[in-house]
There are 6 protein chains.
Amino acid sequence: MLGADQQVVFTYFHFASSPELTDAMVKSNAVCIAYETVEKADRSLPLLVPMSEIAGRMATQEGAKYLEKPMGGRGVLLGGVPGTARGNVLVLGCGVVGTEAAKMAAGLGANVTIMDVNLDRLRYLDAVMPANVSTRFSTAANIEELLPEADLVIGAVLIAGARAPQLIQKRHLKTMKPGSVMVDVAVDQGGCIETCRPTTHDNPTFVVDGVLHYCVANMPGAVPFTSTVALVNATLPYALQLANDGWVTAAT
Amino acid sequence: MLGADQQVVFTYFHFASSPELTDAMVKSNAVCIAYETVEKADRSLPLLVPMSEIAGRMATQEGAKYLEKPMGGRGVLLGGVPGTARGNVLVLGCGVVGTEAAKMAAGLGANVTIMDVNLDRLRYLDAVMPANVSTRFSTAANIEELLPEADLVIGAVLIAGARAPQLIQKRHLKTMKPGSVMVDVAVDQGGCIETCRPTTHDNPTFVVDGVLHYCVANMPGAVPFTSTVALVNATLPYALQLANDGWVTAAT
Amino acid sequence: MLGADQQVVFTYFHFASSPELTDAMVKSNAVCIAYETVEKADRSLPLLVPMSEIAGRMATQEGAKYLEKPMGGRGVLLGGVPGTARGNVLVLGCGVVGTEAAKMAAGLGANVTIMDVNLDRLRYLDAVMPANVSTRFSTAANIEELLPEADLVIGAVLIAGARAPQLIQKRHLKTMKPGSVMVDVAVDQGGCIETCRPTTHDNPTFVVDGVLHYCVANMPGAVPFTSTVALVNATLPYALQLANDGWVTAAT
Amino acid sequence: MLGADQQVVFTYFHFASSPELTDAMVKSNAVCIAYETVEKADRSLPLLVPMSEIAGRMATQEGAKYLEKPMGGRGVLLGGVPGTARGNVLVLGCGVVGTEAAKMAAGLGANVTIMDVNLDRLRYLDAVMPANVSTRFSTAANIEELLPEADLVIGAVLIAGARAPQLIQKRHLKTMKPGSVMVDVAVDQGGCIETCRPTTHDNPTFVVDGVLHYCVANMPGAVPFTSTVALVNATLPYALQLANDGWVTAAT
Amino acid sequence: MLGADQQVVFTYFHFASSPELTDAMVKSNAVCIAYETVEKADRSLPLLVPMSEIAGRMATQEGAKYLEKPMGGRGVLLGGVPGTARGNVLVLGCGVVGTEAAKMAAGLGANVTIMDVNLDRLRYLDAVMPANVSTRFSTAANIEELLPEADLVIGAVLIAGARAPQLIQKRHLKTMKPGSVMVDVAVDQGGCIETCRPTTHDNPTFVVDGVLHYCVANMPGAVPFTSTVALVNATLPYALQLANDGWVTAAT
Amino acid sequence: MLGADQQVVFTYFHFASSPELTDAMVKSNAVCIAYETVEKADRSLPLLVPMSEIAGRMATQEGAKYLEKPMGGRGVLLGGVPGTARGNVLVLGCGVVGTEAAKMAAGLGANVTIMDVNLDRLRYLDAVMPANVSTRFSTAANIEELLPEADLVIGAVLIAGARAPQLIQKRHLKTMKPGSVMVDVAVDQGGCIETCRPTTHDNPTFVVDGVLHYCVANMPGAVPFTSTVALVNATLPYALQLANDGWVTAAT
């Protein structure tokens, strides 16, 4: 039986993806409070946001790097230089991940399109984003229109507690430019790109039909200095509450 | 014989285009100093600049208006709205006219490309223009690549004292979208679009191969309030010099 | 009696303004679901927003055009050019229409003032709008102070389900500059300018006391290419719901 | 007789304004090289620029402060707040001083007009300045039009080696708002405002016809930390040249 | 007994800080409705916001001024000039006051950090603020890291109905640069800087451990022209409601 | 003997670094015109500029990537996320390379300082660069002050026809943060960082005293798609001249 004097472990668990971890924690008799389950009144997930911000910003950084020829890409500089065409970046999803990815791509001088079905959010982004970000309503037809032009596609569609919809299927790849790059930030929830499967920082990319796929499941792990601070900023108030009030009170 | 006590007429003349005017002025025995021939040490033409600024800014305003369906255009709003594709504007030439046209098109939210062969100028524009203006080196191939996407093309190639090169030929028109609009600001110097011929504010447009042409030769004439002030700002120092020093001294 | 197998017509109806249409639809026995009555939980009208965005952006485009002398205006270029005074634009109302109108006017380089009684909205606009847009609390005194300076006035006050308040009365017109332009986007709800009455794209303007009035009731109709896409983006999710769930379920 | 082994004093001298200093330096037999006389090939004065930059930025800071009621001003906040009118700032002269003053005033949210007769410079400023800075050609009529609206006037007209022209005369003051503020940065060259006379940091302001005048002759002296660094940045290369090559070689 | 026909006084009262005022008002038998107690459904205080906006914008203006050497500061220009280090501004609190203070400091060209524990608000500011404003989570460690670098610290932490937390204690002052400046806008609620105590416009500053403190309790009082308009904008709708409906109805 | 009918080879040669190439070309009897020696009247090198632009933009991209932990860096995200400190980028040199590097770093949200001894250039950059780029005069003391804070240092000091000065020496490295990154774009001219030596895309980095060095000599080679277009834009006019006029005339 659980009591107020038990050990509390407050961190990311992702029990669903690891039965071993689940078993071990059950045996440990510790109180496990998973970061990923902390929810605010408006159903937002405050302890996932910082990781989404970092993953979004990194997605563009990775895309830019893997577009280089020696990395397997088509040898395009995202922002081009004066007198040349800019690279085209297509961002699917305008939540935290997509917004941050688009902002960085705009900062590097690319021609950016961000797509979503949430028109209110597109309107907000239209008001606050740099002028080289344009917004498009997300439909299969629009995606198919823009894919052949894209140098970099960033999959950023995450639906809380559900599998991401597969907006890009294998058949689309052959319409794309050889050496173009796809980064799927939703890969650990199934991914919004059919051909994506999780990779690691040791071996981050693979090629399908000439298109480079970057699908590292734990992107923020590459910038632990920043990630740790961002995460602590978000968890601190909850940790203090647990410490001060005890987990029984705090969790209610 | 001309003397310091003769009447001086200081205005635009454009003698080449009007033998009658030339004859009449010769007979009048007045001293005619043409605005269009006043040249600075760096060979720039200071009394043409204000009209170029106005014509450039108006070119976009006209293009936006004539893209409306009731005006004959394809019914596109230049900047689109959040969730729709932006209109594409192609500006040929990055001198005063092209720069001002591009700035206004960017201000209306369009996706703008400005083309020229002057790389140093493209670099400057890349540094100071809004992010939705991209620069491209001007080649026949690049123009042909962008024309089919364009909703509005603005011809702004003027070469001092020479006929503007015809960058767009009749054969290009059929690659363009029906109802797209062309504004040729260089029309009074022969135009940089083959199918352009001068029109007037009374009857400003005509259609060739489905493409609307706006070619009013004297665009600034439509905004006399602004044009007059802009012109006087530029001519005043010269007029004062003529009045104070006499034309013999001033013109040397 | 209505049933789940009846024909459903899902479009704009505006029954109030057309008894004939109303009668015809009643006789047709079809299920009529009017776009303009679709309401979200927060009482916003999602299928009116895209048309407001387009009308707002067009309002400035029309204003700029009709300020030209050959169109009947005072011959002023909205943004002026360096060294001349900028045109003054006064936007009444800071909802969707007013915001988009102000953004375009700022993009053309004008000196813009946007007025409303909603201070929270003015604060948001102050944070995200270009620096040449300033905000003013809307009072009769403030309107009277700014009208004599204005080159272009855009009426954008719409109150859902109510007649727009007449902020500008006939007596105000004589304080304005001859040839200045008024665009009333609220004209189909009675207008917020007393002297406005609906016009059409064929004959869009009329003059009262020297002031040009542009009052086309269906402005987005001039850019059908953009309007259609924008509208479909907004209606698609509702249409799909009607198709998938049937109108009985969907409408509840 | 002067020789290469003499003592060299390299600093600001402004001999013209101090016969005592001139005499003393002559007696000292030192080689005096005045900062204010160092000239580049293009006749610019590189050792005056940093002080002009600082004075320009400070001019706005002082103006904002002295507009406060307890300081004698009319009690206006330069940028206003959302819903209120912004303060109007008129900057005369678009050289270094005027440009920096205008930039700061724009940064504080004011409505700024910068005036000059140099149209090319106005065009450059129009391209790079924030959107709440507008440019006007400088004429007596334009100044008289804008003075009654101005909350803050900054005199920044300096003509190298000549007395600044008196663009604002005493008779203009009564057209201005009581409690408005004038800062004349050109005061040590006679000033471009007739009623200005040099003041000091101890007693910086005086009132003429209801208008507060701030005319501290040595404004950068109030921020010695910044001024010293800025000055050393500019003088260092010259000082090194003097030290390495000797003054005889360096000065040729 | 109170009735609908009694005199109503609708203004700021701050009864807690003045027993005399409280007594007098009680005796007067007037209906006293305090601006500071008007609350919206979301618990925001609409009649305090305009004063916070003004105080926030002024805080930077005062800080810039008091950093001047003759005013007692360290002689630093907030924005520096090209080639010199910018001044560092630390803003504690990202509510209305802190946001406006940061915006002005950014406008003057400083290097600005704004701190708070509200991550959602920091994210919004990161999206809409100028690029020279960076956001930091507020912790004692972060404050201690940034204080030694700061030229200007603005205390803007206000907690509705509670004493502001003392984020900066006396012991911190000796880690700061001599002549740096602190402005505590929360001083009338106890202040978020331990060493602050209310001052007046007549004698606005004092020095503790070499750090200049500006703690005028009623900052907006210095710009009555702006403050009055801003306040009336906010109170007008409430005053009209009181006048039209009577205080009994209006207050319910 | 050379004649107008000889074969002409017009490309980069860099003869100095390859005696074998030199010998072979001498034997070939071809006319060799080296891109790197084409000079304009103002002594600028128009065929080197595009490569500098690309290398500058890439320098930041590489720096961001190698700051990742798995790449050997300290695990910092250049722009941070809201609530965390931004990365600090120090750019040495404000020519083409440095300017483009700084612009990209600003676009990624970093805190950027660009250093040079050319004050006029720093002033221009201060006017046109994003607000998170600050300028500093380059001195040994300033470099030593900023190095310990830097996450990324970009060496971009190139002096035409001369060895780059070694602004950072080996002794400086131990003052830097472990895992910080240095990119030396000047490495093929000796480098402005003492510890840099040329590397290749196959093995781009090495570590000295805990600091990661990225010194690929031919950075633009990684984005051949962009580089080729940029280079052809610049060389085309010269190639046409050679083809049309013959090398004898063209080279005079």
# chains A, B, ... in the order shown; residues from 1 in each chain; ligands from 1

call {"tool": "residues_around", "arguments": {"residues": "range 96-110 of chain F", "least_positions_apart": "3", "cutoff": "8 Å", "atoms": "only C-alpha atoms", "output": "MDAnalysis selection string"}}
result
(chainID A and resid 104 106:109) or (chainID E and resid 131) or (chainID F and resid 49 52:61 78:80 86:89 91:93 113:114 125 129:130 132:133 154:157 185)

call {"tool": "interface_residues", "arguments": {"of": "chain E", "to": "chain D", "cutoff": "6 Å", "atoms": "only C-alpha atoms", "output": "tab-separated table (two decimals) with N, CA and C atoms, in the first residue's frame"}}
result
chain	number	residue	atom	x	y	z
E	68	GLU	N	23.34	58.68	-16.04
E	68	GLU	CA	24.29	59.74	-16.39
E	68	GLU	C	25.10	60.12	-15.16
E	69	LYS	N	26.32	60.48	-15.40
E	69	LYS	CA	27.25	60.82	-14.32
E	69	LYS	C	26.74	62.00	-13.47
E	75	GLY	N	27.65	56.72	-15.61
E	75	GLY	CA	28.08	57.40	-16.83
E	75	GLY	C	28.02	56.52	-18.05
E	76	VAL	N	26.99	55.69	-18.12
E	76	VAL	CA	26.85	54.76	-19.22
E	76	VAL	C	25.64	55.14	-20.07
E	77	LEU	N	25.80	55.09	-21.39
E	77	LEU	CA	24.67	55.29	-22.31
E	77	LEU	C	24.06	53.91	-22.55
E	104	MET	N	10.96	49.36	-24.05
E	104	MET	CA	11.63	50.66	-24.16
E	104	MET	C	13.15	50.48	-24.10
E	107	GLY	N	14.28	49.35	-27.28
E	107	GLY	CA	14.21	50.45	-28.24
E	107	GLY	C	15.40	51.40	-28.13
E	108	LEU	N	15.97	51.50	-26.94
E	108	LEU	CA	17.14	52.35	-26.75
E	108	LEU	C	18.43	51.60	-27.08
E	222	ALA	N	4.23	62.10	-13.31
E	222	ALA	CA	5.14	63.01	-14.01
E	222	ALA	C	4.72	63.26	-15.45
E	223	VAL	N	3.83	62.44	-15.96
E	223	VAL	CA	3.36	62.67	-17.34
E	223	VAL	C	1.84	62.73	-17.34
E	224	PRO	N	1.30	63.77	-16.66
E	224	PRO	CA	-0.15	63.84	-16.46
E	224	PRO	C	-0.95	63.92	-17.76
E	225	PHE	N	-0.33	64.50	-18.77
E	225	PHE	CA	-1.03	64.64	-20.04
E	225	PHE	C	-1.36	63.25	-20.59
E	226	THR	N	-0.37	62.40	-20.64
E	226	THR	CA	-0.57	61.04	-21.13
E	226	THR	C	-1.39	60.21	-20.15

call {"tool": "select_by_dssp", "arguments": {"residues": "range 85-196 of chain E", "states": "alpha helix (DSSP H)", "output": "ChimeraX atom specification"}}
result
/E:96-107,119-128,140-146,170-173

call {"tool": "write_last_selection", "arguments": {"atoms": "C-alpha atoms", "output": "compact mmCIF listing (two decimals), in the first residue's frame"}}
result
# COMPACT_ATOMS: atom_id res chain seq x y z
CA VAL E 96 2.51 44.77 -17.96
CA VAL E 97 5.14 46.86 -16.20
CA GLY E 98 8.04 44.58 -17.03
CA THR E 99 6.98 44.10 -20.63
CA GLU E 100 6.75 47.81 -21.31
CA ALA E 101 10.01 48.52 -19.51
CA ALA E 102 11.80 45.85 -21.55
CA LYS E 103 10.34 47.13 -24.81
CA MET E 104 11.63 50.66 -24.16
CA ALA E 105 15.06 49.40 -23.11
CA ALA E 106 15.24 47.37 -26.30
CA GLY E 107 14.21 50.45 -28.24
CA LEU E 119 7.03 30.22 -18.73
CA ASP E 120 3.98 30.68 -20.94
CA ARG E 121 4.34 34.43 -20.72
CA LEU E 122 8.07 34.21 -21.42
CA ARG E 123 7.25 32.21 -24.55
CA TYR E 124 4.83 34.85 -25.76
CA LEU E 125 7.38 37.59 -25.14
CA ASP E 126 10.04 35.58 -26.95
CA ALA E 127 7.71 35.57 -29.98
CA VAL E 128 6.78 39.25 -30.06
CA ALA E 140 17.77 33.29 -7.08
CA ALA E 141 20.76 31.76 -8.85
CA ASN E 142 19.91 33.40 -12.19
CA ILE E 143 19.40 36.77 -10.55
CA GLU E 144 22.72 36.47 -8.77
CA GLU E 145 24.42 35.55 -12.03
CA LEU E 146 23.09 38.60 -13.90
CA LYS E 170 20.78 44.26 0.52
CA ARG E 171 23.62 41.76 0.41
CA HIS E 172 23.32 41.63 -3.40
CA LEU E 173 24.16 45.31 -3.84

call {"tool": "residues_around", "arguments": {"residues": "His213 in chain A", "least_positions_apart": "6", "cutoff": "10 Å", "atoms": "only C-alpha atoms", "output": "PyMOL selection string"}}
result
chain A and resi 63+66+73+153+179-184+193+195-199+204-207

call {"tool": "select_by_dssp", "arguments": {"residues": "range 12-165 of chain E", "states": "strand (DSSP E)", "output": "NGL selection string"}}
result
:E and (31-34 or 88-92 or 111-116 or 133-137 or 152-155)

call {"tool": "residues_around", "arguments": {"residues": "range 13-20 of chain E", "least_positions_apart": "4", "cutoff": "8 Å", "atoms": "only C-alpha atoms", "output": "list in words"}}
result
Ala24, Ala34, Tyr35 and Glu36 of chain E

call {"tool": "closest_residue", "arguments": {"among": "A:Met25, A:Leu212, A:Glu194, A:Ile159", "to": "Gln7 in chain A", "atoms": "only C-alpha atoms"}}
result
A:Met25

call {"tool": "atom_distance", "arguments": {"atom1": "CA of Val216 in chain D", "atom2": "CA of Gly190 in chain D"}}
result
12.5 Å

call {"tool": "atom_distance", "arguments": {"atom1": "CA of Pro46 in chain F", "atom2": "CA of Asp116 in chain F"}}
result
21.7 Å

call {"tool": "atom_distance", "arguments": {"atom1": "CA of Thr175 in chain C", "atom2": "CA of Cys192 in chain C"}}
result
17.4 Å
